[in-house]
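J.: Pasting run-v3.txt here (compact mmCIF, C-alpha atoms):
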# COMPACT_ATOMS: atom_id res chain seq x y z
CA MET W 1 17.60 -0.02 9.67
CA LYS W 2 16.79 3.62 10.27
CA SER W 3 17.44 6.02 7.44
CA ASN W 4 18.11 9.69 7.90
CA ASN W 5 17.37 10.47 4.28
CA SER W 6 14.01 12.21 4.39
CA LYS W 7 14.06 13.75 0.94
CA GLY W 8 12.07 12.38 -1.97
CA LEU W 9 13.41 9.88 -4.43
CA GLY W 10 15.36 12.12 -6.82
CA ARG W 11 17.92 11.43 -9.49
CA GLY W 12 19.98 9.32 -7.07
CA LEU W 13 17.62 6.35 -7.22
CA ASP W 14 16.51 7.25 -10.73
CA ALA W 15 20.07 6.76 -11.91
CA LEU W 16 20.04 3.35 -10.26
CA PHE W 17 16.90 1.86 -11.74
CA ASP W 18 15.58 4.15 -14.47
CA ASP W 19 16.02 1.69 -17.33
CA ASN W 20 14.34 4.05 -19.78
CA ASP W 21 17.58 6.00 -20.16
CA VAL W 22 20.32 3.38 -20.31
CA ASN W 23 23.48 4.40 -22.13
CA LEU W 24 24.63 1.15 -23.69
CA ASN W 25 28.02 2.66 -24.47
CA ASP W 26 28.79 3.29 -20.78
CA GLU W 27 27.47 0.08 -19.22
CA ALA W 28 28.08 -3.57 -19.96
CA VAL W 29 24.97 -5.41 -21.09
CA ARG W 30 25.22 -9.11 -20.30
CA GLN W 31 23.13 -12.04 -21.42
CA LEU W 32 21.90 -13.41 -18.09
CA PRO W 33 20.50 -16.95 -17.78
CA LEU W 34 16.86 -16.80 -16.72
CA SER W 35 17.57 -19.70 -14.36
CA GLN W 36 19.89 -17.45 -12.34
CA LEU W 37 17.34 -14.63 -11.90
CA THR W 38 14.85 -14.13 -9.06
CA PRO W 39 12.28 -11.32 -8.66
CA ASN W 40 12.75 -8.41 -6.26
CA PRO W 41 11.91 -9.98 -2.86
CA TYR W 42 10.18 -6.74 -1.86
CA GLN W 43 7.90 -6.66 -4.90
CA PRO W 44 4.51 -5.39 -3.63
CA ARG W 45 2.61 -6.39 -6.76
CA LYS W 46 0.98 -9.78 -6.23
CA LYS W 47 -0.71 -10.17 -9.62
CA PHE W 48 0.34 -9.28 -13.15
CA ASP W 49 -2.04 -8.37 -15.97
CA GLN W 50 -2.14 -11.62 -17.91
CA ARG W 51 -3.32 -10.02 -21.15
CA ALA W 52 -0.51 -7.46 -21.12
CA LEU W 53 1.96 -10.19 -20.19
CA SER W 54 0.72 -12.33 -23.09
CA ASP W 55 1.14 -9.42 -25.52
CA LEU W 56 4.69 -8.82 -24.29
CA THR W 57 5.46 -12.54 -24.60
CA GLU W 58 4.41 -12.54 -28.26
CA SER W 59 6.50 -9.43 -28.90
CA ILE W 60 9.57 -11.06 -27.34
CA LYS W 61 9.03 -14.21 -29.39
CA THR W 62 9.04 -12.11 -32.55
CA SER W 63 11.59 -9.38 -31.81
CA GLY W 64 13.41 -10.30 -28.61
CA VAL W 65 14.08 -8.04 -25.62
CA PHE W 66 15.28 -4.57 -26.63
CA GLN W 67 15.56 -2.96 -23.18
CA PRO W 68 17.93 -4.62 -20.68
CA ILE W 69 16.59 -5.41 -17.23
CA ILE W 70 18.41 -4.05 -14.16
CA VAL W 71 19.67 -6.54 -11.56
CA ARG W 72 21.93 -6.79 -8.54
CA GLN W 73 24.20 -9.64 -7.48
CA PRO W 74 23.78 -10.16 -3.70
CA ASP W 75 26.72 -12.55 -3.47
CA GLN W 76 29.66 -11.92 -5.78
CA ASN W 77 30.81 -15.52 -5.29
CA GLN W 78 27.55 -17.00 -6.53
CA ALA W 79 25.95 -16.82 -9.97
CA GLY W 80 22.62 -15.47 -8.85
CA PHE W 81 20.87 -12.16 -9.49
CA GLN W 82 17.86 -10.30 -8.09
CA ILE W 83 15.78 -8.14 -10.42
CA LEU W 84 15.68 -4.42 -9.61
CA ALA W 85 13.56 -3.39 -12.60
CA GLY W 86 12.07 -5.35 -15.48
CA GLU W 87 10.22 -8.26 -13.86
CA ARG W 88 7.54 -8.22 -16.59
CA ARG W 89 10.22 -8.70 -19.25
CA PHE W 90 11.70 -11.53 -17.17
CA ARG W 91 8.34 -13.30 -16.83
CA ALA W 92 7.45 -12.80 -20.49
CA SER W 93 10.86 -14.10 -21.58
CA LYS W 94 10.30 -17.30 -19.61
CA LEU W 95 6.86 -17.71 -21.21
CA ALA W 96 8.44 -17.09 -24.62
CA GLY W 97 10.80 -20.01 -24.02
CA ARG W 98 13.98 -17.95 -23.97
CA GLU W 99 16.98 -19.05 -21.93
CA THR W 100 18.68 -15.67 -21.46
CA ILE W 101 17.78 -11.98 -21.19
CA PRO W 102 19.93 -8.86 -21.59
CA GLY W 103 20.69 -7.26 -18.24
CA ILE W 104 22.83 -4.67 -16.49
CA VAL W 105 24.28 -5.39 -13.05
CA ARG W 106 24.28 -2.52 -10.54
CA GLN W 107 24.95 -2.15 -6.84
CA ALA W 108 21.89 -1.71 -4.60
CA SER W 109 21.18 -2.06 -0.90
CA ASP W 110 18.12 -3.79 0.57
CA GLU W 111 16.72 -0.35 1.39
CA GLN W 112 17.08 0.79 -2.21
CA MET W 113 15.47 -2.42 -3.44
CA MET W 114 12.40 -1.78 -1.29
CA GLU W 115 12.05 1.77 -2.54
CA ILE W 116 12.60 0.68 -6.13
CA ALA W 117 9.94 -2.01 -5.88
CA VAL W 118 7.38 0.51 -4.60
CA MET W 119 8.34 3.39 -6.87
CA GLU W 120 8.49 1.38 -10.08
CA ASN W 121 4.94 0.11 -9.55
CA LEU W 122 3.54 3.42 -8.34
CA GLN W 123 4.91 5.24 -11.38
CA ARG W 124 3.31 2.69 -13.67
CA GLU W 125 0.10 2.52 -11.59
CA ASP W 126 0.31 -1.28 -11.43
CA LEU W 127 -0.71 -1.71 -7.80
CA ASN W 128 -4.25 -2.19 -6.55
CA PRO W 129 -5.17 -0.12 -3.45
CA LEU W 130 -4.49 -2.94 -0.99
CA GLU W 131 -1.10 -3.74 -2.54
CA GLU W 132 -0.24 -0.04 -2.35
CA ALA W 133 -1.24 0.08 1.33
CA GLU W 134 0.85 -3.01 2.07
CA ALA W 135 3.79 -1.47 0.22
CA TYR W 136 3.71 1.63 2.41
CA ASN W 137 3.43 -0.51 5.53
CA MET W 138 6.36 -2.64 4.34
CA LEU W 139 8.54 0.46 3.96
CA MET W 140 7.60 1.68 7.43
CA THR W 141 8.24 -1.73 9.02
CA ASN W 142 11.39 -2.84 7.21
CA LEU W 143 13.09 0.55 7.00
CA ASP W 144 11.93 1.63 10.48
CA ILE W 145 10.62 4.95 9.20
CA THR W 146 7.52 6.95 10.03
CA GLN W 147 4.43 7.65 7.98
CA VAL W 148 5.69 11.20 7.50
CA GLU W 149 9.05 9.94 6.21
CA VAL W 150 7.31 7.60 3.75
CA SER W 151 5.33 10.54 2.38
CA GLN W 152 8.52 12.58 2.00
CA ARG W 153 10.47 9.78 0.32
CA LEU W 154 7.74 8.97 -2.18
CA GLY W 155 6.55 12.50 -2.85
CA LYS W 156 3.03 11.78 -1.55
CA SER W 157 1.08 13.80 1.01
CA ARG W 158 0.81 12.39 4.53
CA PRO W 159 -3.04 12.18 4.38
CA TYR W 160 -2.69 10.25 1.11
CA ILE W 161 -0.43 7.68 2.79
CA ALA W 162 -2.68 7.57 5.88
CA ASN W 163 -5.81 6.88 3.84
CA TYR W 164 -4.17 3.89 2.17
CA LEU W 165 -2.79 2.52 5.45
CA ARG W 166 -6.29 2.63 6.93
CA LEU W 167 -7.34 -0.01 4.39
CA LEU W 168 -5.24 -2.52 6.33
CA ASN W 169 -7.81 -2.26 9.16
CA LEU W 170 -10.53 -3.79 6.96
CA PRO W 171 -11.64 -7.39 7.62
CA GLN W 172 -9.92 -9.96 5.42
CA PRO W 173 -13.02 -10.75 3.29
CA VAL W 174 -13.35 -7.05 2.43
CA LYS W 175 -9.64 -6.84 1.62
CA GLU W 176 -10.09 -9.72 -0.81
CA MET W 177 -13.01 -7.93 -2.47
CA LEU W 178 -10.84 -4.85 -2.86
CA GLN W 179 -7.99 -6.91 -4.29
CA LYS W 180 -10.33 -8.55 -6.82
CA LYS W 181 -11.62 -5.07 -7.80
CA GLN W 182 -15.12 -5.92 -6.59
CA LEU W 183 -14.85 -2.80 -4.42
CA SER W 184 -13.26 0.54 -5.29
CA MET W 185 -10.85 2.51 -3.13
CA GLY W 186 -13.64 5.03 -2.43
CA GLN W 187 -16.08 2.33 -1.35
CA ALA W 188 -13.49 0.70 0.92
CA ARG W 189 -12.63 4.01 2.58
CA THR W 190 -16.32 4.69 3.16
CA LEU W 191 -16.79 1.27 4.80
CA LEU W 192 -14.10 2.11 7.36
CA ALA W 193 -16.69 4.28 9.11
CA VAL W 194 -18.70 1.15 10.02
CA LYS W 195 -17.55 -0.10 13.42
CA ASN W 196 -19.69 -3.26 13.59
CA LYS W 197 -18.01 -6.07 11.63
CA PRO W 198 -21.18 -7.95 10.56
CA ASP W 199 -22.68 -4.66 9.32
CA LEU W 200 -19.45 -3.83 7.49
CA LEU W 201 -19.35 -7.22 5.74
CA ARG W 202 -23.00 -6.99 4.77
CA LEU W 203 -22.62 -3.48 3.36
CA ALA W 204 -19.46 -4.45 1.49
CA GLN W 205 -21.27 -7.33 -0.19
CA GLN W 206 -24.21 -5.08 -1.01
CA ALA W 207 -21.92 -2.42 -2.49
CA ALA W 208 -20.22 -5.02 -4.68
CA THR W 209 -23.32 -6.86 -5.92
CA GLN W 210 -25.39 -3.73 -6.50
CA THR W 211 -22.44 -1.64 -7.79
CA LEU W 212 -23.33 1.15 -5.39
CA THR W 213 -21.73 4.55 -5.75
CA VAL W 214 -19.81 6.02 -2.82
CA ARG W 215 -22.63 8.48 -2.22
CA GLN W 216 -25.22 5.67 -2.13
CA LEU W 217 -23.05 3.70 0.27
CA GLU W 218 -22.63 6.73 2.52
CA LYS W 219 -26.40 7.12 2.59
CA LEU W 220 -26.86 3.49 3.67
CA ILE W 221 -24.28 3.93 6.43
CA ASN W 222 -25.91 7.14 7.64
CA ASN W 223 -29.31 5.41 7.71
CA LEU W 224 -27.78 2.54 9.70
CA ASP W 225 -26.26 4.99 12.18
CA GLN W 226 -29.58 6.80 12.61
CA LYS W 227 -31.39 3.53 13.30
CA LYS W 228 -28.79 2.55 15.90
CA GLN W 229 -28.95 5.96 17.51
CA ALA W 230 -32.75 5.71 17.73
CA LYS W 231 -32.44 2.24 19.26
CA ASN W 232 -29.87 3.44 21.77
CA LYS W 233 -32.08 6.38 22.66
CA LYS W 234 -34.92 4.00 23.50
CA ARG W 235 -32.53 2.08 25.74
CA GLY W 236 -31.55 5.29 27.47
CA GLN W 237 -28.15 5.43 25.79
CA VAL W 238 -26.92 8.78 24.51
CA ALA W 239 -25.99 8.88 20.82
CA LYS W 240 -22.70 10.44 19.82
CA SER W 241 -23.00 14.05 18.82
CA PRO W 242 -22.02 15.18 15.30
CA TYR W 243 -19.04 16.91 16.94
CA LEU W 244 -17.73 13.63 18.38
CA ARG W 245 -18.32 11.70 15.14
CA GLU W 246 -16.50 14.36 13.13
CA SER W 247 -13.69 14.38 15.68
CA GLU W 248 -13.33 10.62 15.26
CA ASP W 249 -13.09 10.99 11.49
CA GLN W 250 -10.46 13.73 11.74
CA LEU W 251 -8.35 11.71 14.20
CA GLN W 252 -8.60 8.62 11.99
CA ASN W 253 -7.33 10.64 9.04
CA LYS W 254 -4.45 11.98 11.13
CA PHE W 255 -3.30 8.67 12.60
CA GLY W 256 -4.22 6.40 9.72
CA THR W 257 -5.99 3.93 12.03
CA LYS W 258 -9.30 3.41 13.82
CA VAL W 259 -10.08 5.93 16.58
CA SER W 260 -13.03 5.80 19.00
CA ILE W 261 -14.23 8.64 21.23
CA ASN W 262 -16.60 7.70 24.03
CA GLU W 263 -18.20 9.91 26.67
CA THR W 264 -17.81 8.36 30.12
CA ARG W 265 -19.60 11.22 31.90
CA PRO W 266 -21.65 13.15 29.33
CA LYS W 267 -22.90 15.75 31.77
CA SER W 268 -19.40 16.87 32.68
CA GLY W 269 -18.05 16.38 29.16
CA ARG W 270 -15.54 13.75 30.26
CA GLY W 271 -14.61 10.79 28.07
CA LYS W 272 -11.81 8.74 26.56
CA ILE W 273 -10.09 8.38 23.19
CA GLU W 274 -9.02 4.92 21.99
CA ILE W 275 -6.49 4.63 19.16
CA ASP W 276 -5.95 1.24 17.53
CA TYR W 277 -2.48 0.17 16.42
CA LEU W 278 -1.43 -2.84 14.36
CA SER W 279 2.01 -3.59 15.83
CA ASN W 280 4.74 -2.16 18.06
CA GLN W 281 6.16 -0.42 15.01
CA ASP W 282 2.74 1.08 14.26
CA LEU W 283 2.51 2.28 17.87
CA THR W 284 5.89 3.99 17.48
CA ARG W 285 4.59 5.66 14.31
CA ILE W 286 1.57 7.03 16.18
CA LEU W 287 3.73 8.27 19.06
CA GLU W 288 5.98 10.11 16.60
CA LEU W 289 2.92 11.79 15.07
CA LEU W 290 2.21 13.00 18.61
CA ASP W 291 5.85 14.18 18.84
CA ILE W 292 6.58 11.57 21.53
CA HIS W 293 10.01 9.94 21.24
CA LEU W 294 11.00 7.11 23.59
CA ASP W 295 14.67 6.51 24.39
I'd like the structure from this file rewritten - as structure tokens, please.

T.:
Amino acid sequence: MKSNNSKGLGRGLDALFDDNDVNLNDEAVRQLPLSQLTPNPYQPRKKFDQRALSDLTESIKTSGVFQPIIVRQPDQNQAGFQILAGERRFRASKLAGRETIPGIVRQASDEQMMEIAVMENLQREDLNPLEEAEAYNMLMTNLDITQVEVSQRLGKSRPYIANYLRLLNLPQPVKEMLQKKQLSMGQARTLLAVKNKPDLLRLAQQAATQTLTVRQLEKLINNLDQKKQAKNKKRGQVAKSPYLRESEDQLQNKFGTKVSINETRPKSGRGKIEIDYLSNQDLTRILELLDIHLD
């Protein structure tokens, strides 16, 4: 489903799901059975703040739900609704023991639902870094759009999007540490420079248990690199020059994935560049960044 709309999310989508400015005189507010509601299937947020949810539950028990949720009805012949905005109110209402919730039914495509799910959480800063990275990847995969188009749609810079997408290259144990907030976004980004998986896992655990700053972690990684370079030198292997290491970093920032530069014939300056990709769709994204379009 390729979209040609490359502009940011303006008042068009805002008018669809901005439930902070609902005119109750112009739209019909219905009492919707909670049993007929399901969350947005493209919701990137995996966990909800239980304390905040508990507070909202108590408020609903006492005063009810003042702000209607926004839903769509995928099948007009069936009594079922998907939530566009207001999932926290839906969850809290269920915990409060209510049977219905006020809601407004609007038309929305699957594409709009995906954008709504991402934008609503980004605006409220509810996503952890890994969830945010997965949300960007979901938009690129399901909407068949490029990294550049994601940045344009969401009003984010391309390097910002690329830095988050790079987190998806981390080993699963490190991703879990990031999701549990044992590691910060800055620490995770710094660990991406470590190519050896056992070293990466060890440093991630050390950063979490010792609450290392990004600068301290960078120093440990630099020391590790220097030791490996010294070892390689003893074996007759040539260490990568600062120019090559910096070039790798710049290419990784550009493509949002791991890039390796290796000299095959150092004396003549010849070598090769290897760019990792996660899927066929990710390969297409990289080709488009290189201005290569396949028919």

J.: Could you name the residues that touch W:Phe90 at 12 Å or less, counting all atoms listed in the file, but leaving out those on the same chain fewer than 5 positions away, as an MDAnalysis selection string?

T.: chainID W and resid 32:40 53 56:57 60 64:65 67:71 81:85 95:103

J.: Between W:Glu218, W:Glu248, W:Glu274, W:Asp49, which one has atoms that come closest to W:Arg91, using all atoms listed in the file?

T.: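 Nearest to W:Arg91: W:Asp49.
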
J.: List the spatial neighbours of W:Gln216 as a list in words - criterion: any atom at most 12 Å away, all atoms listed in the file, same-chain residues fewer than 5 positions off excluded.

T.: Gly186, Gln187, Thr190, Leu191, Leu203, Gln206, Ala207, Gln210, Thr211, Ile221, Asn222 and Asn223 of chain W

J.: Have a look at W:Ala52, W:Leu192, W:Pro44, W:Ser157 and name the one nearest to W:Val174; count all atoms listed in the file.

T.: W:Leu192

J.: So what do you get for atom CA of W:Glu134 versus atom CA of W:Ile161, distance-wise?

T.: 10.8 Å

J.: Choose the residue, out of W:Asn262, W:Asp282, W:Ser54, W:Arg89, that has the smallest atom-to-atom separation from W:Tyr243; count only C-alpha atoms.

T.: W:Asn262

J.: Need to verify the contact set: W:Val118, 7 Å, only C-alpha atoms, exclusion of same-chain residues closer than 3 positions in sequence. Can you return it as a PDB file with C-alpha atoms, in the coordinates of the input?

T.:
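Result file follows (out02.pdb):
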ATOM      1  CA  PRO W  44       4.510  -5.390  -3.630  1.00  0.00           C
ATOM      2  CA  MET W 114      12.400  -1.780  -1.290  1.00  0.00           C
ATOM      3  CA  GLU W 115      12.050   1.770  -2.540  1.00  0.00           C
ATOM      4  CA  ASN W 121       4.940   0.110  -9.550  1.00  0.00           C
ATOM      5  CA  LEU W 122       3.540   3.420  -8.340  1.00  0.00           C
ATOM      6  CA  ALA W 135       3.790  -1.470   0.220  1.00  0.00           C
TER       7      ALA W 135
END

J.: Work out how far atom CA of W:Leu168 is from atom CA of W:Thr257, in Å to one decimal.

T.: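 Atom CA of W:Leu168 lies 8.6 Å from atom CA of W:Thr257.
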
J.: Using all atoms listed in the file for the distances, tell me which of W:Arg30, W:Lys272, W:Lys258, W:Arg88 is nearest to W:Ala193.

T.: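 Of the candidates, the smallest distance to W:Ala193 is held by W:Lys258.
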
J.: Which residue gives the smallest distance to W:Ala28 among W:Arg106, W:Arg285, W:Lys61, W:Lys181, with only C-alpha atoms counted?

T.: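 So, comparing all the options, the nearest one is W:Arg106.
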
J.: Taking into account only C-alpha atoms, which residue in the set W:Arg189, W:Lys94, W:Arg265, W:Arg215 is nearest to W:Leu165?

T.: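 Among the listed residues, the smallest separation from W:Leu165 belongs to W:Arg189.
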
J.: Suppose you want the space between atom CA of W:Gln250 and atom CA of W:Ile275; what is it in Å?

T.: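 Interatomic distance, atom CA of W:Gln250 to atom CA of W:Ile275: 12.4 Å.
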
J.: Could you please fill out stretch 133-147 of chain W with N, CA, C and O atoms and send it back as a tab-separated table (two decimals), in the frame of the given file?

T.:
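File produced: result-v8.tsv:
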chain	number	residue	atom	x	y	z
W	133	ALA	N	-1.24	-0.09	-0.13
W	133	ALA	CA	-1.24	0.08	1.33
W	133	ALA	C	-0.20	-0.83	1.98
W	133	ALA	O	0.55	-0.41	2.87
W	134	GLU	N	-0.13	-2.07	1.51
W	134	GLU	CA	0.85	-3.01	2.07
W	134	GLU	C	2.27	-2.58	1.75
W	134	GLU	O	3.20	-2.81	2.54
W	135	ALA	N	2.46	-1.95	0.59
W	135	ALA	CA	3.79	-1.47	0.22
W	135	ALA	C	4.25	-0.36	1.16
W	135	ALA	O	5.41	-0.35	1.60
W	136	TYR	N	3.36	0.57	1.48
W	136	TYR	CA	3.71	1.63	2.41
W	136	TYR	C	4.01	1.07	3.79
W	136	TYR	O	4.96	1.49	4.46
W	137	ASN	N	3.20	0.10	4.22
W	137	ASN	CA	3.43	-0.51	5.53
W	137	ASN	C	4.75	-1.28	5.55
W	137	ASN	O	5.46	-1.29	6.57
W	138	MET	N	5.09	-1.92	4.43
W	138	MET	CA	6.36	-2.64	4.34
W	138	MET	C	7.54	-1.68	4.49
W	138	MET	O	8.51	-1.98	5.20
W	139	LEU	N	7.46	-0.52	3.83
W	139	LEU	CA	8.54	0.46	3.96
W	139	LEU	C	8.68	0.92	5.40
W	139	LEU	O	9.80	1.02	5.93
W	140	MET	N	7.56	1.21	6.05
W	140	MET	CA	7.60	1.68	7.43
W	140	MET	C	8.18	0.62	8.36
W	140	MET	O	8.99	0.93	9.24
W	141	THR	N	7.80	-0.64	8.14
W	141	THR	CA	8.24	-1.73	9.02
W	141	THR	C	9.69	-2.09	8.79
W	141	THR	O	10.50	-2.16	9.72
W	142	ASN	N	10.04	-2.34	7.52
W	142	ASN	CA	11.39	-2.84	7.21
W	142	ASN	C	12.47	-1.77	7.27
W	142	ASN	O	13.62	-2.07	7.59
W	143	LEU	N	12.10	-0.53	6.96
W	143	LEU	CA	13.09	0.55	7.00
W	143	LEU	C	13.05	1.31	8.32
W	143	LEU	O	13.85	2.21	8.54
W	144	ASP	N	12.07	0.97	9.19
W	144	ASP	CA	11.93	1.63	10.48
W	144	ASP	C	11.81	3.14	10.30
W	144	ASP	O	12.54	3.93	10.90
W	145	ILE	N	10.87	3.53	9.44
W	145	ILE	CA	10.62	4.95	9.20
W	145	ILE	C	9.16	5.26	9.50
W	145	ILE	O	8.33	4.36	9.58
W	146	THR	N	8.86	6.52	9.66
W	146	THR	CA	7.52	6.95	10.03
W	146	THR	C	6.66	7.18	8.79
W	146	THR	O	7.15	7.23	7.66
W	147	GLN	N	5.38	7.33	9.05
W	147	GLN	CA	4.43	7.65	7.98
W	147	GLN	C	4.82	8.96	7.28
W	147	GLN	O	4.73	9.07	6.06
